[in-house]
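*Asks:* Structure supplied as model.cif; contents: mmCIF, C-alpha atoms.
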data_structure
#
loop_
_atom_site.group_PDB
_atom_site.id
_atom_site.type_symbol
_atom_site.label_atom_id
_atom_site.label_comp_id
_atom_site.auth_asym_id
_atom_site.auth_seq_id
_atom_site.Cartn_x
_atom_site.Cartn_y
_atom_site.Cartn_z
ATOM 1 C CA MET A 1 9.277 -49.847 -32.997
ATOM 2 C CA SER A 2 7.097 -49.380 -36.078
ATOM 3 C CA ASP A 3 8.785 -49.366 -39.438
ATOM 4 C CA ALA A 4 5.555 -49.264 -41.424
ATOM 5 C CA GLY A 5 6.684 -46.015 -43.063
ATOM 6 C CA ASN A 6 9.348 -47.826 -45.073
ATOM 7 C CA ALA A 7 6.770 -49.565 -47.226
ATOM 8 C CA GLU A 8 5.762 -46.279 -48.820
ATOM 9 C CA HIS A 9 9.126 -45.753 -50.503
ATOM 10 C CA GLY A 10 10.847 -47.684 -53.170
ATOM 11 C CA HIS A 11 14.024 -48.075 -51.107
ATOM 12 C CA ASP A 12 15.030 -48.980 -47.589
ATOM 13 C CA HIS A 13 15.714 -46.525 -44.822
ATOM 14 C CA PRO A 14 17.802 -47.557 -41.832
ATOM 15 C CA LYS A 15 15.475 -48.755 -39.087
ATOM 16 C CA HIS A 16 17.610 -47.225 -36.336
ATOM 17 C CA GLU A 17 18.343 -43.611 -35.524
ATOM 18 C CA LEU A 18 21.402 -42.446 -37.473
ATOM 19 C CA SER A 19 24.379 -41.044 -35.622
ATOM 20 C CA HIS A 20 25.356 -37.407 -36.010
ATOM 21 C CA TYR A 21 28.217 -38.365 -38.317
ATOM 22 C CA ALA A 22 26.097 -40.664 -40.460
ATOM 23 C CA LYS A 23 23.502 -37.932 -40.928
ATOM 24 C CA ARG A 24 26.246 -35.515 -41.876
ATOM 25 C CA ILE A 25 27.835 -37.834 -44.448
ATOM 26 C CA TYR A 26 24.461 -38.599 -46.058
ATOM 27 C CA ALA A 27 23.693 -34.889 -46.220
ATOM 28 C CA ILE A 28 27.062 -34.189 -47.878
ATOM 29 C CA ARG A 29 26.524 -37.051 -50.322
ATOM 30 C CA ASP A 30 23.078 -35.776 -51.291
ATOM 31 C CA LEU A 31 24.388 -32.240 -51.758
ATOM 32 C CA LEU A 32 27.313 -33.379 -53.919
ATOM 33 C CA ILE A 33 24.949 -35.322 -56.157
ATOM 34 C CA GLU A 34 22.382 -32.529 -56.257
ATOM 35 C CA LYS A 35 25.021 -29.998 -57.302
ATOM 36 C CA GLY A 36 26.446 -32.328 -59.923
ATOM 37 C CA VAL A 37 29.898 -32.614 -58.349
ATOM 38 C CA ILE A 38 29.692 -36.414 -58.396
ATOM 39 C CA THR A 39 27.125 -38.951 -59.494
ATOM 40 C CA GLU A 40 25.623 -41.937 -57.740
ATOM 41 C CA LYS A 41 27.536 -44.065 -60.216
ATOM 42 C CA ASP A 42 30.844 -42.463 -59.128
ATOM 43 C CA ILE A 43 30.079 -43.424 -55.550
ATOM 44 C CA GLN A 44 29.181 -46.972 -56.521
ATOM 45 C CA CYS A 45 32.371 -47.322 -58.590
ATOM 46 C CA GLN A 46 34.463 -46.037 -55.704
ATOM 47 C CA ILE A 47 32.814 -48.491 -53.307
ATOM 48 C CA GLU A 48 33.540 -51.324 -55.733
ATOM 49 C CA TYR A 49 37.144 -50.181 -56.107
ATOM 50 C CA GLN A 50 37.582 -50.052 -52.330
ATOM 51 C CA GLU A 51 36.008 -53.473 -51.905
ATOM 52 C CA ALA A 52 38.050 -55.043 -54.709
ATOM 53 C CA ARG A 53 41.284 -54.512 -52.803
ATOM 54 C CA SER A 54 41.764 -57.235 -50.237
ATOM 55 C CA PRO A 55 44.357 -58.909 -48.035
ATOM 56 C CA ALA A 56 44.746 -61.470 -50.841
ATOM 57 C CA ASN A 57 47.090 -58.976 -52.517
ATOM 58 C CA GLY A 58 49.332 -58.937 -49.464
ATOM 59 C CA ALA A 59 49.130 -62.702 -49.018
ATOM 60 C CA ASN A 60 50.276 -63.240 -52.604
ATOM 61 C CA LEU A 61 53.214 -60.877 -52.110
ATOM 62 C CA VAL A 62 54.242 -62.635 -48.908
ATOM 63 C CA ALA A 63 53.880 -66.136 -50.372
ATOM 64 C CA ARG A 64 55.987 -65.163 -53.397
ATOM 65 C CA ALA A 65 58.641 -63.643 -51.113
ATOM 66 C CA TRP A 66 58.784 -66.805 -48.986
ATOM 67 C CA GLY A 67 59.406 -68.974 -52.012
ATOM 68 C CA ASP A 68 61.617 -66.691 -54.061
ATOM 69 C CA ALA A 69 64.578 -65.048 -52.325
ATOM 70 C CA ALA A 70 65.274 -62.715 -55.243
ATOM 71 C CA PHE A 71 61.684 -61.473 -55.183
ATOM 72 C CA LYS A 72 61.921 -60.976 -51.423
ATOM 73 C CA GLY A 73 64.977 -58.824 -51.971
ATOM 74 C CA ARG A 74 63.110 -56.711 -54.506
ATOM 75 C CA LEU A 75 60.019 -56.503 -52.284
ATOM 76 C CA ILE A 76 62.088 -55.044 -49.461
ATOM 77 C CA ALA A 77 64.284 -52.815 -51.638
ATOM 78 C CA ASP A 78 61.520 -51.432 -53.861
ATOM 79 C CA PRO A 79 58.069 -52.575 -52.728
ATOM 80 C CA LYS A 80 56.080 -50.689 -55.352
ATOM 81 C CA SER A 81 57.983 -52.229 -58.259
ATOM 82 C CA ALA A 82 57.632 -55.671 -56.709
ATOM 83 C CA CYS A 83 53.866 -55.080 -56.466
ATOM 84 C CA ALA A 84 53.754 -54.028 -60.115
ATOM 85 C CA GLU A 85 55.512 -57.272 -61.065
ATOM 86 C CA MET A 86 52.565 -59.141 -59.563
ATOM 87 C CA GLY A 87 49.948 -56.885 -61.087
ATOM 88 C CA ILE A 88 49.176 -55.159 -57.793
ATOM 89 C CA ASP A 89 48.702 -51.426 -58.123
ATOM 90 C CA ALA A 90 50.413 -49.775 -55.144
ATOM 91 C CA THR A 91 50.818 -46.388 -56.791
ATOM 92 C CA ALA A 92 48.205 -44.814 -54.516
ATOM 93 C CA ILE A 93 50.627 -45.206 -51.615
ATOM 94 C CA ASN A 94 52.979 -42.275 -51.197
ATOM 95 C CA GLU A 95 55.795 -44.302 -49.695
ATOM 96 C CA PHE A 96 55.584 -48.045 -49.110
ATOM 97 C CA VAL A 97 57.865 -49.884 -46.694
ATOM 98 C CA VAL A 98 58.027 -53.633 -46.063
ATOM 99 C CA LEU A 99 59.312 -54.747 -42.652
ATOM 100 C CA GLU A 100 60.669 -58.269 -42.374
ATOM 101 C CA ASN A 101 60.001 -60.270 -39.227
ATOM 102 C CA THR A 102 62.731 -62.588 -37.985
ATOM 103 C CA GLU A 103 63.094 -65.080 -35.130
ATOM 104 C CA SER A 104 64.525 -62.263 -32.997
ATOM 105 C CA VAL A 105 62.433 -59.263 -34.158
ATOM 106 C CA ARG A 106 58.686 -58.815 -34.610
ATOM 107 C CA HIS A 107 57.143 -55.695 -36.112
ATOM 108 C CA MET A 108 53.635 -54.424 -35.515
ATOM 109 C CA VAL A 109 51.808 -51.497 -37.133
ATOM 110 C CA VAL A 110 49.346 -48.999 -35.697
ATOM 111 C CA CYS A 111 48.186 -45.512 -36.566
ATOM 112 C CA THR A 112 47.520 -43.784 -33.280
ATOM 113 C CA LEU A 113 46.283 -40.628 -35.021
ATOM 114 C CA CYS A 114 43.660 -42.157 -37.312
ATOM 115 C CA SER A 115 43.638 -45.301 -39.446
ATOM 116 C CA CYS A 116 46.570 -45.096 -41.891
ATOM 117 C CA TYR A 117 46.800 -48.507 -43.515
ATOM 118 C CA PRO A 118 48.225 -49.953 -46.759
ATOM 119 C CA ARG A 119 44.803 -50.205 -48.415
ATOM 120 C CA PRO A 120 45.963 -51.145 -51.931
ATOM 121 C CA ILE A 121 47.704 -54.159 -50.395
ATOM 122 C CA LEU A 122 45.345 -55.115 -47.562
ATOM 123 C CA GLY A 123 42.009 -53.537 -48.452
ATOM 124 C CA ARG A 124 40.021 -51.712 -45.807
ATOM 125 C CA PRO A 125 41.360 -51.885 -42.255
ATOM 126 C CA PRO A 126 39.456 -54.041 -39.767
ATOM 127 C CA ASP A 127 37.305 -52.151 -37.277
ATOM 128 C CA TRP A 128 39.563 -53.074 -34.378
ATOM 129 C CA TYR A 129 42.513 -51.402 -36.147
ATOM 130 C CA LYS A 130 40.606 -48.111 -35.971
ATOM 131 C CA SER A 131 39.416 -48.559 -32.376
ATOM 132 C CA PHE A 132 40.752 -46.352 -29.581
ATOM 133 C CA ASN A 133 41.446 -49.507 -27.649
ATOM 134 C CA TYR A 134 43.922 -50.892 -30.216
ATOM 135 C CA ARG A 135 45.427 -47.500 -30.988
ATOM 136 C CA GLN A 136 46.232 -46.923 -27.319
ATOM 137 C CA ARG A 137 47.316 -50.383 -26.328
ATOM 138 C CA ALA A 138 49.405 -51.105 -29.421
ATOM 139 C CA VAL A 139 51.924 -48.466 -28.367
ATOM 140 C CA VAL A 140 51.675 -48.861 -24.602
ATOM 141 C CA ASP A 141 51.548 -52.636 -24.259
ATOM 142 C CA PRO A 142 51.992 -54.359 -27.618
ATOM 143 C CA ARG A 143 52.862 -57.720 -26.088
ATOM 144 C CA SER A 144 49.508 -58.085 -24.387
ATOM 145 C CA VAL A 145 47.764 -57.180 -27.655
ATOM 146 C CA MET A 146 49.787 -59.876 -29.403
ATOM 147 C CA ARG A 147 48.904 -62.362 -26.665
ATOM 148 C CA GLU A 148 45.224 -61.723 -27.310
ATOM 149 C CA PHE A 149 45.823 -62.618 -30.951
ATOM 150 C CA GLY A 150 47.523 -65.810 -29.804
ATOM 151 C CA LEU A 151 51.168 -64.776 -30.112
ATOM 152 C CA ASN A 152 53.262 -65.303 -26.972
ATOM 153 C CA LEU A 153 56.728 -63.889 -27.464
ATOM 154 C CA PRO A 154 59.669 -64.570 -25.183
ATOM 155 C CA ASP A 155 61.290 -61.470 -23.686
ATOM 156 C CA ASP A 156 64.429 -61.839 -25.777
ATOM 157 C CA VAL A 157 62.442 -61.214 -28.960
ATOM 158 C CA GLU A 158 62.451 -57.503 -29.765
ATOM 159 C CA VAL A 159 59.051 -55.946 -30.493
ATOM 160 C CA ARG A 160 59.144 -52.927 -32.800
ATOM 161 C CA VAL A 161 55.862 -51.022 -32.996
ATOM 162 C CA HIS A 162 55.566 -48.647 -35.940
ATOM 163 C CA ASP A 163 53.218 -45.728 -35.443
ATOM 164 C CA SER A 164 52.253 -44.857 -38.988
ATOM 165 C CA THR A 165 51.768 -41.117 -38.566
ATOM 166 C CA ALA A 166 52.801 -39.698 -41.929
ATOM 167 C CA ASP A 167 53.260 -40.627 -45.599
ATOM 168 C CA ILE A 168 54.676 -44.090 -45.052
ATOM 169 C CA ARG A 169 52.513 -47.211 -45.235
ATOM 170 C CA TYR A 170 53.898 -50.373 -43.680
ATOM 171 C CA LEU A 171 53.414 -54.028 -44.550
ATOM 172 C CA ILE A 172 54.841 -56.743 -42.358
ATOM 173 C CA LEU A 173 56.568 -59.658 -44.069
ATOM 174 C CA PRO A 174 55.841 -62.391 -41.522
ATOM 175 C CA LEU A 175 58.033 -65.385 -40.724
ATOM 176 C CA ARG A 176 57.507 -68.368 -42.970
ATOM 177 C CA PRO A 177 55.888 -71.156 -40.946
ATOM 178 C CA LYS A 178 57.988 -74.230 -40.309
ATOM 179 C CA GLY A 179 57.178 -77.364 -42.258
ATOM 180 C CA THR A 180 56.249 -75.570 -45.483
ATOM 181 C CA GLU A 181 59.475 -76.228 -47.397
ATOM 182 C CA ASN A 182 57.933 -77.758 -50.492
ATOM 183 C CA TRP A 183 54.640 -75.913 -50.498
ATOM 184 C CA SER A 184 53.285 -74.175 -53.557
ATOM 185 C CA GLU A 185 52.850 -70.412 -53.556
ATOM 186 C CA ALA A 186 49.063 -70.842 -53.586
ATOM 187 C CA ASP A 187 49.141 -73.051 -50.500
ATOM 188 C CA LEU A 188 51.553 -70.725 -48.709
ATOM 189 C CA ALA A 189 49.275 -67.763 -49.380
ATOM 190 C CA LYS A 190 46.488 -69.512 -47.436
ATOM 191 C CA LEU A 191 48.580 -69.286 -44.266
ATOM 192 C CA VAL A 192 49.109 -65.526 -44.584
ATOM 193 C CA THR A 193 46.368 -63.882 -42.559
ATOM 194 C CA ARG A 194 45.594 -60.203 -42.750
ATOM 195 C CA ASP A 195 46.472 -59.859 -39.069
ATOM 196 C CA SER A 196 49.901 -61.398 -39.625
ATOM 197 C CA MET A 197 50.612 -58.607 -42.134
ATOM 198 C CA ILE A 198 49.613 -56.001 -39.537
ATOM 199 C CA GLY A 199 51.969 -57.814 -37.218
ATOM 200 C CA VAL A 200 49.705 -58.650 -34.295
ATOM 201 C CA MET A 201 50.149 -62.380 -34.888
ATOM 202 C CA ASP A 202 52.259 -64.872 -36.809
ATOM 203 C CA PRO A 203 50.887 -66.614 -39.918
ATOM 204 C CA LEU A 204 48.870 -69.794 -39.458
ATOM 205 C CA ASP A 205 50.763 -72.982 -38.652
ATOM 206 C CA ALA A 206 51.303 -75.533 -41.353
ATOM 207 C CA ILE A 207 49.051 -78.461 -40.555
ATOM 208 C CA PRO A 208 50.664 -81.688 -41.744
ATOM 209 C CA GLU A 209 48.495 -83.765 -44.069
ATOM 210 C CA MET B 1 63.232 -20.301 -39.229
ATOM 211 C CA ASN B 2 63.552 -23.262 -41.553
ATOM 212 C CA SER B 3 67.334 -23.406 -41.626
ATOM 213 C CA ALA B 4 66.994 -27.123 -41.231
ATOM 214 C CA THR B 5 69.203 -29.024 -38.867
ATOM 215 C CA GLN B 6 69.798 -32.140 -40.878
ATOM 216 C CA PHE B 7 69.911 -35.237 -38.721
ATOM 217 C CA LYS B 8 71.529 -38.496 -39.665
ATOM 218 C CA PRO B 9 70.897 -42.054 -38.493
ATOM 219 C CA GLY B 10 72.066 -42.522 -34.911
ATOM 220 C CA ASP B 11 71.677 -38.855 -33.904
ATOM 221 C CA ARG B 12 69.951 -38.376 -30.553
ATOM 222 C CA VAL B 13 66.848 -36.238 -30.831
ATOM 223 C CA THR B 14 64.070 -34.962 -28.606
ATOM 224 C CA VAL B 15 60.555 -34.355 -29.884
ATOM 225 C CA LYS B 16 59.477 -30.799 -29.193
ATOM 226 C CA PHE B 17 56.827 -30.445 -26.539
ATOM 227 C CA GLN B 18 54.489 -27.963 -28.105
ATOM 228 C CA ASP B 19 50.879 -27.591 -29.078
ATOM 229 C CA ARG B 20 48.960 -25.270 -31.343
ATOM 230 C CA PRO B 21 45.768 -25.442 -33.347
ATOM 231 C CA GLY B 22 45.959 -27.339 -36.609
ATOM 232 C CA HIS B 23 46.504 -30.723 -38.175
ATOM 233 C CA LEU B 24 49.504 -31.949 -36.199
ATOM 234 C CA ARG B 25 50.863 -35.381 -37.117
ATOM 235 C CA THR B 26 53.081 -35.753 -34.055
ATOM 236 C CA PRO B 27 51.288 -37.927 -31.478
ATOM 237 C CA TRP B 28 50.922 -36.449 -27.984
ATOM 238 C CA TYR B 29 52.507 -39.390 -26.211
ATOM 239 C CA ILE B 30 55.821 -38.846 -27.974
ATOM 240 C CA ARG B 31 56.127 -35.078 -27.450
ATOM 241 C CA GLY B 32 58.985 -34.249 -25.113
ATOM 242 C CA LYS B 33 60.430 -37.774 -25.438
ATOM 243 C CA SER B 34 63.943 -38.598 -26.560
ATOM 244 C CA GLY B 35 65.093 -41.196 -29.037
ATOM 245 C CA TRP B 36 67.353 -41.470 -32.057
ATOM 246 C CA ILE B 37 67.136 -41.167 -35.814
ATOM 247 C CA GLU B 38 66.683 -44.653 -37.224
ATOM 248 C CA GLN B 39 66.324 -43.673 -40.865
ATOM 249 C CA VAL B 40 65.779 -40.644 -43.091
ATOM 250 C CA HIS B 41 62.576 -41.218 -45.070
ATOM 251 C CA GLY B 42 63.053 -38.231 -47.382
ATOM 252 C CA GLU B 43 61.196 -35.028 -48.108
ATOM 253 C CA PHE B 44 57.434 -34.782 -48.089
ATOM 254 C CA ARG B 45 54.866 -32.034 -48.365
ATOM 255 C CA ASN B 46 53.969 -30.652 -44.959
ATOM 256 C CA PRO B 47 50.635 -32.152 -43.796
ATOM 257 C CA GLU B 48 50.097 -29.201 -41.453
ATOM 258 C CA SER B 49 49.679 -27.092 -44.594
ATOM 259 C CA LEU B 50 48.088 -29.684 -46.894
ATOM 260 C CA ALA B 51 45.260 -30.277 -44.429
ATOM 261 C CA PHE B 52 44.050 -26.724 -44.994
ATOM 262 C CA GLY B 53 44.132 -26.819 -48.772
ATOM 263 C CA HIS B 54 47.589 -25.258 -49.098
ATOM 264 C CA ASP B 55 50.432 -26.632 -51.186
ATOM 265 C CA GLY B 56 52.424 -28.220 -48.361
ATOM 266 C CA LEU B 57 55.567 -26.382 -49.439
ATOM 267 C CA PRO B 58 58.339 -26.088 -48.505
ATOM 268 C CA LYS B 59 58.684 -29.827 -48.147
ATOM 269 C CA LYS B 60 59.803 -31.143 -44.781
ATOM 270 C CA THR B 61 62.276 -33.894 -44.101
ATOM 271 C CA LEU B 62 60.563 -36.893 -42.543
ATOM 272 C CA TYR B 63 62.476 -39.211 -40.222
ATOM 273 C CA LEU B 64 61.862 -42.595 -38.748
ATOM 274 C CA VAL B 65 62.589 -41.930 -35.082
ATOM 275 C CA ALA B 66 63.139 -44.801 -32.651
ATOM 276 C CA PHE B 67 62.413 -44.733 -28.925
ATOM 277 C CA ASN B 68 62.973 -47.272 -26.202
ATOM 278 C CA GLN B 69 59.585 -48.341 -24.842
ATOM 279 C CA SER B 70 60.995 -47.790 -21.372
ATOM 280 C CA ASP B 71 62.018 -44.194 -22.189
ATOM 281 C CA VAL B 72 58.503 -43.397 -23.349
ATOM 282 C CA TRP B 73 56.428 -45.130 -20.683
ATOM 283 C CA GLY B 74 58.861 -45.279 -17.813
ATOM 284 C CA ARG B 75 58.747 -48.998 -17.306
ATOM 285 C CA THR B 76 60.832 -51.873 -18.489
ATOM 286 C CA ALA B 77 58.598 -54.865 -19.092
ATOM 287 C CA ALA B 78 60.640 -55.893 -22.097
ATOM 288 C CA PRO B 79 63.806 -53.844 -22.284
ATOM 289 C CA LYS B 80 64.520 -54.438 -25.971
ATOM 290 C CA ASP B 81 61.140 -53.209 -27.206
ATOM 291 C CA LYS B 82 61.024 -50.099 -29.362
ATOM 292 C CA LEU B 83 58.533 -47.596 -30.663
ATOM 293 C CA LEU B 84 59.145 -46.181 -34.121
ATOM 294 C CA VAL B 85 57.373 -43.021 -35.209
ATOM 295 C CA ASP B 86 57.508 -41.021 -38.444
ATOM 296 C CA ILE B 87 58.266 -37.440 -37.405
ATOM 297 C CA TYR B 88 58.894 -34.293 -39.456
ATOM 298 C CA GLU B 89 62.098 -32.391 -38.898
ATOM 299 C CA HIS B 90 60.506 -29.229 -37.513
ATOM 300 C CA TRP B 91 59.271 -31.296 -34.557
ATOM 301 C CA LEU B 92 62.769 -32.502 -33.631
ATOM 302 C CA GLU B 93 65.668 -30.966 -31.810
ATOM 303 C CA SER B 94 69.114 -32.316 -31.158
ATOM 304 C CA SER B 95 69.687 -33.867 -27.750
ATOM 305 C CA ALA B 96 73.176 -35.179 -28.349
ATOM 306 C CA GLN B 97 74.669 -33.743 -25.182
ATOM 307 C CA GLU B 98 71.832 -34.601 -22.836
ATOM 308 C CA ARG B 99 71.627 -38.339 -23.141
ATOM 309 C CA GLU B 100 74.495 -40.559 -24.009
ATOM 310 C CA GLU B 101 73.359 -43.814 -22.489
ATOM 311 C CA CYS B 102 71.062 -46.287 -24.197
ATOM 312 C CA GLU B 103 72.417 -46.335 -27.692
ATOM 313 C CA PRO B 104 70.358 -48.224 -30.275
#
So, in terms of structure tokens, how does the structure I just supplied come out?

*Replies:*
Amino acid sequence: MSDAGNAEHGHDHPKHELSHYAKRIYAIRDLLIEKGVITEKDIQCQIEYQEARSPANGANLVARAWGDAAFKGRLIADPKSACAEMGIDATAINEFVVLENTESVRHMVVCTLCSCYPRPILGRPPDWYKSFNYRQRAVVDPRSVMREFGLNLPDDVEVRVHDSTADIRYLILPLRPKGTENWSEADLAKLVTRDSMIGVMDPLDAIPE
Amino acid sequence: MNSATQFKPGDRVTVKFQDRPGHLRTPWYIRGKSGWIEQVHGEFRNPESLAFGHDGLPKKTLYLVAFNQSDVWGRTAAPKDKLLVDIYEHWLESSAQEREECEP
């Protein structure tokens, strides 16, 4: 358990043994830099770009759609243009589809093959989205997954699970919570959780003041 | 080979049950299962070619294919529930005559 060796270098090394895949990715990174294909700065910029995209983009889209029926229409008919209206760059997505939840239909998204996810809108997917557990159970037994996220649906509500296997990226437009009739867009956006845009749960309830 | 059978929304289809080496974007659990065309997404470059550095041409028609949960897993916990999978045309064949029950 000695990590005395770390003190000799100017930078930190992981204190645990790296996995096979981690070793491989570090080796590829070092080679790419050594051969001048990319620079360390490129990597840092890409990390910052990836981190800058967050579920806040999606929450703003949803909140606007809840408060503005015309915008909602545009968001469903032409999601990329609607994103551009709000300054959200969705051009990296090949094909972007917004699925509207209703009282009688709930949508849920999974990628059973890997981790396809609308990253420009929601940022990086949560670890559970990429887990074998979610990827199996989302298609086999979506209702029990939803129950674990706190959503108990009656049997007469139709559950539609989208397996995102190809060029389409899906965003769920969740149901607007009751009791939010006069809320501002900014306050509405606070109720829109990332998980409600993946479809495993409804947005947060409006808590009366 | 690629004389494409064009499907339209509502057409009954069965996913081909096949396997071969490569980057196949048709999940195992849906191979051999029957459903219907929900929507035509359009034409996209073929990922089975793109994955190996090729140009992905000719483009393939991509469909949104719907399945009853009960037709896929053989149980009926919630009879209305559906699975929807994006599937390329060359993985689909018509099953119009085989199954006429359970319309969408």

*Asks:* Could you list, as a JSON list (two decimals) with C-alpha atoms, in the coordinates of the input, every residue within 12 Å of Leu175 in chain A, counting all atoms listed in the file and ignoring same-chain residues fewer than 2 positions away?

*Replies:*
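For reference, out-v8.json as written:
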[["chain", "number", "residue", "atom", "x", "y", "z"],
["A", 62, "VAL", "CA", 54.24, -62.64, -48.91],
["A", 63, "ALA", "CA", 53.88, -66.14, -50.37],
["A", 65, "ALA", "CA", 58.64, -63.64, -51.11],
["A", 66, "TRP", "CA", 58.78, -66.81, -48.99],
["A", 67, "GLY", "CA", 59.41, -68.97, -52.01],
["A", 99, "LEU", "CA", 59.31, -54.75, -42.65],
["A", 100, "GLU", "CA", 60.67, -58.27, -42.37],
["A", 101, "ASN", "CA", 60.00, -60.27, -39.23],
["A", 102, "THR", "CA", 62.73, -62.59, -37.98],
["A", 103, "GLU", "CA", 63.09, -65.08, -35.13],
["A", 104, "SER", "CA", 64.53, -62.26, -33.00],
["A", 105, "VAL", "CA", 62.43, -59.26, -34.16],
["A", 106, "ARG", "CA", 58.69, -58.82, -34.61],
["A", 107, "HIS", "CA", 57.14, -55.70, -36.11],
["A", 172, "ILE", "CA", 54.84, -56.74, -42.36],
["A", 173, "LEU", "CA", 56.57, -59.66, -44.07],
["A", 177, "PRO", "CA", 55.89, -71.16, -40.95],
["A", 178, "LYS", "CA", 57.99, -74.23, -40.31],
["A", 180, "THR", "CA", 56.25, -75.57, -45.48],
["A", 188, "LEU", "CA", 51.55, -70.72, -48.71],
["A", 191, "LEU", "CA", 48.58, -69.29, -44.27],
["A", 192, "VAL", "CA", 49.11, -65.53, -44.58],
["A", 193, "THR", "CA", 46.37, -63.88, -42.56],
["A", 196, "SER", "CA", 49.90, -61.40, -39.62],
["A", 197, "MET", "CA", 50.61, -58.61, -42.13],
["A", 199, "GLY", "CA", 51.97, -57.81, -37.22],
["A", 201, "MET", "CA", 50.15, -62.38, -34.89],
["A", 202, "ASP", "CA", 52.26, -64.87, -36.81],
["A", 203, "PRO", "CA", 50.89, -66.61, -39.92],
["A", 204, "LEU", "CA", 48.87, -69.79, -39.46],
["A", 205, "ASP", "CA", 50.76, -72.98, -38.65]]

*Asks:* Using all atoms listed in the file, which residue out of A:Asn60, A:Gln136, A:Ala84, A:Tyr21 lies closest to Asp187 in chain A?

*Replies:*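 Among the listed residues, A:Asn60 lies closest to Asp187 in chain A.
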
*Asks:* Find the residues of chain A in contact range of chain B, meaning any atom within 8 Å when counting all atoms listed in the file, and list them as a PDB file with C-alpha atoms, in the frame of the given file.

*Replies:*
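Generated output (iface.pdb):
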ATOM      1  CA  THR A 112      47.520 -43.784 -33.280  1.00  0.00           C
ATOM      2  CA  LEU A 113      46.283 -40.628 -35.021  1.00  0.00           C
ATOM      3  CA  VAL A 139      51.924 -48.466 -28.367  1.00  0.00           C
ATOM      4  CA  VAL A 140      51.675 -48.861 -24.602  1.00  0.00           C
ATOM      5  CA  ASP A 155      61.290 -61.470 -23.686  1.00  0.00           C
ATOM      6  CA  ASP A 156      64.429 -61.839 -25.777  1.00  0.00           C
ATOM      7  CA  VAL A 157      62.442 -61.214 -28.960  1.00  0.00           C
ATOM      8  CA  GLU A 158      62.451 -57.503 -29.765  1.00  0.00           C
ATOM      9  CA  VAL A 159      59.051 -55.946 -30.493  1.00  0.00           C
ATOM     10  CA  ARG A 160      59.144 -52.927 -32.800  1.00  0.00           C
ATOM     11  CA  VAL A 161      55.862 -51.022 -32.996  1.00  0.00           C
ATOM     12  CA  HIS A 162      55.566 -48.647 -35.940  1.00  0.00           C
ATOM     13  CA  ASP A 163      53.218 -45.728 -35.443  1.00  0.00           C
ATOM     14  CA  SER A 164      52.253 -44.857 -38.988  1.00  0.00           C
ATOM     15  CA  THR A 165      51.768 -41.117 -38.566  1.00  0.00           C
ATOM     16  CA  ALA A 166      52.801 -39.698 -41.929  1.00  0.00           C
ATOM     17  CA  ASP A 167      53.260 -40.627 -45.599  1.00  0.00           C
ATOM     18  CA  ILE A 168      54.676 -44.090 -45.052  1.00  0.00           C
TER      19      ILE A 168
END

*Asks:* Mind pulling up the distance from CA of Cys114 in chain A to CA of Val200 in chain A?

*Replies:*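 Interatomic distance, CA of Val200 in chain A to CA of Cys114 in chain A: 17.8 Å.
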
*Asks:* One decimal, in Å: what's the spacing between CA of Glu48 in chain B and CA of Phe17 in chain B?

*Replies:*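 These atoms are spaced 16.4 Å apart.
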
*Asks:* Applying 9 Å and all atoms listed in the file, which residues near Ala90 in chain A remain after dropping the ones on its own chain fewer than 4 positions away? List them as a list in words.

*Replies:*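 Residues near the query, excluding close chain neighbours: Pro79, Lys80, Ser81, Cys83, Ala84, Asn94, Phe96, Pro118, Arg119, Pro120 and Ile121 of chain A.
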
*Asks:* Emit a file covering range 62-71 of chain B of the preceding structure with N, CA and C atoms, as a CSV table (one decimal), in the first residue's frame.

*Replies:*
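What ended up in decode-v5.csv:
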chain,number,residue,atom,x,y,z
B,62,LEU,N,-33.9,3.5,-42.9
B,62,LEU,CA,-34.0,3.2,-41.5
B,62,LEU,C,-35.5,3.3,-41.1
B,63,TYR,N,-36.0,2.3,-40.4
B,63,TYR,CA,-37.4,2.4,-39.9
B,63,TYR,C,-37.5,2.4,-38.4
B,64,LEU,N,-38.5,3.0,-37.9
B,64,LEU,CA,-38.9,2.8,-36.5
B,64,LEU,C,-39.9,1.6,-36.5
B,65,VAL,N,-39.4,0.5,-35.9
B,65,VAL,CA,-40.3,-0.7,-35.9
B,65,VAL,C,-40.8,-0.9,-34.5
B,66,ALA,N,-42.1,-1.1,-34.4
B,66,ALA,CA,-42.8,-1.3,-33.1
B,66,ALA,C,-43.1,-2.8,-32.9
B,67,PHE,N,-43.0,-3.2,-31.6
B,67,PHE,CA,-43.3,-4.6,-31.2
B,67,PHE,C,-44.1,-4.5,-29.9
B,68,ASN,N,-45.0,-5.4,-29.8
B,68,ASN,CA,-45.7,-5.6,-28.6
B,68,ASN,C,-44.7,-6.2,-27.6
B,69,GLN,N,-44.6,-5.7,-26.4
B,69,GLN,CA,-43.8,-6.3,-25.4
B,69,GLN,C,-44.1,-7.8,-25.2
B,70,SER,N,-45.4,-8.1,-25.3
B,70,SER,CA,-45.7,-9.6,-25.1
B,70,SER,C,-45.3,-10.4,-26.3
B,71,ASP,N,-45.2,-9.9,-27.5
B,71,ASP,CA,-44.7,-10.6,-28.6
B,71,ASP,C,-43.2,-10.9,-28.5
